[in-house]
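**Q** Below you'll find the structure I mean.
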Amino acid sequence: QDRGRAVVVGSRTFGKGSVQMPSRLPDGSVAELTVGHYRTPSGRSVDGHGITPDLDAGSDALGRARTVLTGLGDDPS
């Protein structure tokens with residue numbers, strides 16, 4: 001999407017845009033420190049809203065994928 005090179009097909013992503021690293025403290029509890037953030041190639045943040053595909057795969061995506069894979073010669077199941 002960012003570079004106009006492909007069409008994104010799928011379903012909207014969750015929108016988790018950060019990376020946490022857990023650290024165990026001396027008392028046994030755990031603290032999570034945010035150590036990174038996910039961004040698209042153009043720098044857009046995905047946190048809180050995710051990525052919306054150009055074409056939504058819909059609820060029958062798995063069935064359609066199986067049809068395509070079957071057409072390639074091997075049984076995908």
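The chains in the structure tokens are called A, B, ... from first to last as shown; in each chain the residues are counted from 1, and the ligands are counted from 1 in the order shown.
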Extract, using only C-alpha atoms, all DNA, RNA and protein residues at most 8 Å from Val7 (chain A), discarding same-chain residues fewer than 4 positions from it, and format them as a PyMOL selection string.

**A** chain A and resi 1+53-55

**Q** Need to verify the contact set: Tyr38 (chain A), 8 Å, only C-alpha atoms, exclusion of same-chain residues closer than 2 positions in sequence. Can you return it as a PDB file with C-alpha atoms, in the first residue's frame?

**A**
```
ATOM      1  CA  GLY A  17       1.636  -1.506  17.313  1.00  0.00           C
ATOM      2  CA  SER A  18       4.130  -1.947  20.107  1.00  0.00           C
ATOM      3  CA  VAL A  19       6.652  -4.532  21.286  1.00  0.00           C
ATOM      4  CA  GLY A  36       9.660  -0.831  19.894  1.00  0.00           C
ATOM      5  CA  THR A  40       4.650   0.678   7.792  1.00  0.00           C
ATOM      6  CA  SER A  45       1.782   3.779  12.910  1.00  0.00           C
ATOM      7  CA  VAL A  46      -0.532   0.753  13.109  1.00  0.00           C
ATOM      8  CA  ASP A  47      -1.162   1.129  16.848  1.00  0.00           C
TER       9      ASP A  47
END
```

**Q** Pick out the residues sitting within 7 Å of Gly48 (chain A), and hand them over as a PDB file with all heavy atoms, in the first residue's frame; count only C-alpha atoms, and ignore anything fewer than 2 positions along from it in its own chain.

**A**
```
ATOM      1  N   GLY A  15      -4.134  -4.182  15.214  1.00  0.00           N
ATOM      2  CA  GLY A  15      -3.703  -2.836  15.577  1.00  0.00           C
ATOM      3  C   GLY A  15      -2.743  -2.787  16.752  1.00  0.00           C
ATOM      4  O   GLY A  15      -2.565  -1.743  17.368  1.00  0.00           O
ATOM      5  N   LYS A  16      -2.122  -3.926  17.062  1.00  0.00           N
ATOM      6  CA  LYS A  16      -1.105  -3.942  18.125  1.00  0.00           C
ATOM      7  C   LYS A  16       0.150  -3.352  17.520  1.00  0.00           C
ATOM      8  O   LYS A  16       0.766  -3.949  16.651  1.00  0.00           O
ATOM      9  CB  LYS A  16      -0.858  -5.378  18.591  1.00  0.00           C
ATOM     10  CG  LYS A  16       0.344  -5.523  19.512  1.00  0.00           C
ATOM     11  CD  LYS A  16      -0.083  -5.591  20.927  1.00  0.00           C
ATOM     12  CE  LYS A  16       1.063  -6.074  21.809  1.00  0.00           C
ATOM     13  NZ  LYS A  16       1.711  -4.998  22.484  1.00  0.00           N
ATOM     14  N   VAL A  46       0.629   1.643  13.183  1.00  0.00           N
ATOM     15  CA  VAL A  46      -0.532   0.753  13.109  1.00  0.00           C
ATOM     16  C   VAL A  46      -1.217   0.641  14.463  1.00  0.00           C
ATOM     17  O   VAL A  46      -2.263   0.017  14.591  1.00  0.00           O
ATOM     18  CB  VAL A  46      -0.139  -0.656  12.600  1.00  0.00           C
ATOM     19  CG1 VAL A  46       0.453  -0.560  11.205  1.00  0.00           C
ATOM     20  CG2 VAL A  46       0.816  -1.351  13.548  1.00  0.00           C
ATOM     21  N   GLY A  50      -4.637  -0.617  13.184  1.00  0.00           N
ATOM     22  CA  GLY A  50      -4.242  -1.693  12.290  1.00  0.00           C
ATOM     23  C   GLY A  50      -4.064  -1.251  10.860  1.00  0.00           C
ATOM     24  O   GLY A  50      -3.925  -0.079  10.561  1.00  0.00           O
TER      25      GLY A  50
END
```

**Q** Would you work out the distance separating CA of Ile51 (chain A) from CA of Arg39 (chain A), expressed in Å to one decimal?

**A**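 Calculated distance between CA of Ile51 (chain A) and CA of Arg39 (chain A) is 10.2 Å.
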
**Q** Hey, what does DSSP flag as strand (DSSP E) within chain A? Can you give it to me as a list of chain:residue names?

**A** A:Val9, A:Gly10, A:Ser18, A:Val19, A:Gln20, A:Met21, A:Pro22, A:Ser23, A:Arg24, A:Val30, A:Ala31, A:Glu32, A:Leu33, A:Thr34, A:Val35, A:Gly36, A:His37, A:Leu55, A:Asp56

**Q** Let me see the file: selected residues, N, CA and C atoms, as an mmCIF file, in the first residue's frame.

**A**
```cif
data_model
loop_
_atom_site.group_PDB
_atom_site.id
_atom_site.type_symbol
_atom_site.label_atom_id
_atom_site.label_comp_id
_atom_site.auth_asym_id
_atom_site.auth_seq_id
_atom_site.Cartn_x
_atom_site.Cartn_y
_atom_site.Cartn_z
ATOM 1 N N VAL A 9 -4.492 -7.920 0.279
ATOM 2 C CA VAL A 9 -5.726 -8.696 0.376
ATOM 3 C C VAL A 9 -5.734 -9.394 1.723
ATOM 4 N N GLY A 10 -6.849 -9.325 2.436
ATOM 5 C CA GLY A 10 -6.937 -9.993 3.730
ATOM 6 C C GLY A 10 -8.045 -9.399 4.560
ATOM 7 N N SER A 18 2.949 -2.093 19.259
ATOM 8 C CA SER A 18 4.130 -1.947 20.107
ATOM 9 C C SER A 18 4.686 -3.311 20.496
ATOM 10 N N VAL A 19 5.958 -3.314 20.879
ATOM 11 C CA VAL A 19 6.652 -4.532 21.286
ATOM 12 C C VAL A 19 7.077 -4.356 22.731
ATOM 13 N N GLN A 20 6.689 -5.302 23.583
ATOM 14 C CA GLN A 20 7.086 -5.237 24.989
ATOM 15 C C GLN A 20 8.079 -6.347 25.311
ATOM 16 N N MET A 21 8.985 -6.028 26.214
ATOM 17 C CA MET A 21 9.942 -7.015 26.691
ATOM 18 C C MET A 21 9.690 -7.205 28.194
ATOM 19 N N PRO A 22 9.287 -8.423 28.594
ATOM 20 C CA PRO A 22 9.054 -8.661 30.025
ATOM 21 C C PRO A 22 10.370 -8.840 30.773
ATOM 22 N N SER A 23 10.415 -8.345 31.978
ATOM 23 C CA SER A 23 11.585 -8.508 32.850
ATOM 24 C C SER A 23 11.096 -8.906 34.237
ATOM 25 N N ARG A 24 11.637 -10.005 34.749
ATOM 26 C CA ARG A 24 11.267 -10.452 36.093
ATOM 27 C C ARG A 24 12.012 -9.607 37.128
ATOM 28 N N VAL A 30 6.587 -9.133 37.337
ATOM 29 C CA VAL A 30 7.126 -8.893 36.005
ATOM 30 C C VAL A 30 6.746 -7.488 35.556
ATOM 31 N N ALA A 31 7.721 -6.780 35.021
ATOM 32 C CA ALA A 31 7.474 -5.462 34.434
ATOM 33 C C ALA A 31 7.683 -5.586 32.931
ATOM 34 N N GLU A 32 6.805 -4.970 32.153
ATOM 35 C CA GLU A 32 6.953 -4.982 30.705
ATOM 36 C C GLU A 32 7.361 -3.596 30.230
ATOM 37 N N LEU A 33 8.458 -3.546 29.531
ATOM 38 C CA LEU A 33 8.990 -2.295 29.010
ATOM 39 C C LEU A 33 8.739 -2.255 27.507
ATOM 40 N N THR A 34 8.159 -1.191 27.015
ATOM 41 C CA THR A 34 7.959 -1.042 25.579
ATOM 42 C C THR A 34 9.308 -0.748 24.941
ATOM 43 N N VAL A 35 9.696 -1.620 23.996
ATOM 44 C CA VAL A 35 11.015 -1.504 23.379
ATOM 45 C C VAL A 35 10.956 -1.178 21.890
ATOM 46 N N GLY A 36 9.756 -1.135 21.318
ATOM 47 C CA GLY A 36 9.660 -0.831 19.894
ATOM 48 C C GLY A 36 8.229 -0.570 19.473
ATOM 49 N N HIS A 37 8.088 -0.011 18.286
ATOM 50 C CA HIS A 37 6.770 0.265 17.703
ATOM 51 C C HIS A 37 6.784 -0.180 16.249
ATOM 52 N N LEU A 55 -8.430 -5.008 -0.535
ATOM 53 C CA LEU A 55 -9.529 -5.919 -0.820
ATOM 54 C C LEU A 55 -9.760 -6.801 0.387
ATOM 55 N N ASP A 56 -10.949 -6.755 0.953
ATOM 56 C CA ASP A 56 -11.273 -7.568 2.123
ATOM 57 C C ASP A 56 -11.515 -9.006 1.688
#
```

**Q** Please, what distance in Å, to one decimal, runs between CA of Arg44 (chain A) and CA of Arg3 (chain A)?

**A**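 If I compute the distance from CA of Arg44 (chain A) to CA of Arg3 (chain A), I get 12.2 Å.
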
**Q** So that I can check the secondary structure, give me every residue of chain A assigned helix (DSSP H, G or I) by backbone DSSP, as a ChimeraX atom specification.

**A** /A:61-71

**Q** Those residues you just picked out, can you put them in a file as a short mmCIF file (atom, residue, chain, number, x, y, z; two decimals), in the first residue's frame with N, CA and C atoms?

**A**
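Contents of the output file part.cif:
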```
data_model
loop_
_atom_site.label_atom_id
_atom_site.label_comp_id
_atom_site.auth_asym_id
_atom_site.auth_seq_id
_atom_site.Cartn_x
_atom_site.Cartn_y
_atom_site.Cartn_z
N ALA A 61 -12.73 -16.61 3.08
CA ALA A 61 -11.36 -16.57 2.58
C ALA A 61 -10.68 -17.92 2.62
N LEU A 62 -10.87 -18.68 3.70
CA LEU A 62 -10.22 -19.99 3.81
C LEU A 62 -10.70 -20.92 2.71
N GLY A 63 -11.99 -20.94 2.46
CA GLY A 63 -12.53 -21.77 1.40
C GLY A 63 -12.00 -21.38 0.03
N ARG A 64 -11.91 -20.08 -0.22
CA ARG A 64 -11.38 -19.62 -1.50
C ARG A 64 -9.90 -19.96 -1.63
N ALA A 65 -9.15 -19.84 -0.53
CA ALA A 65 -7.72 -20.19 -0.56
C ALA A 65 -7.54 -21.68 -0.87
N ARG A 66 -8.37 -22.52 -0.27
CA ARG A 66 -8.29 -23.97 -0.54
C ARG A 66 -8.58 -24.25 -2.02
N THR A 67 -9.55 -23.55 -2.58
CA THR A 67 -9.87 -23.73 -4.00
C THR A 67 -8.68 -23.39 -4.86
N VAL A 68 -8.03 -22.28 -4.58
CA VAL A 68 -6.86 -21.86 -5.36
C VAL A 68 -5.74 -22.87 -5.20
N LEU A 69 -5.46 -23.29 -3.96
CA LEU A 69 -4.37 -24.23 -3.72
C LEU A 69 -4.64 -25.58 -4.38
N THR A 70 -5.89 -26.01 -4.38
CA THR A 70 -6.25 -27.27 -5.03
C THR A 70 -5.96 -27.18 -6.52
N GLY A 71 -6.22 -26.03 -7.09
CA GLY A 71 -5.95 -25.82 -8.52
C GLY A 71 -4.47 -25.85 -8.86
#
```

**Q** Suppose you want the space between CA of Leu72 (chain A) and CA of Val8 (chain A); what is it in Å?

**A**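 Interatomic distance, CA of Leu72 (chain A) to CA of Val8 (chain A): 21.5 Å.
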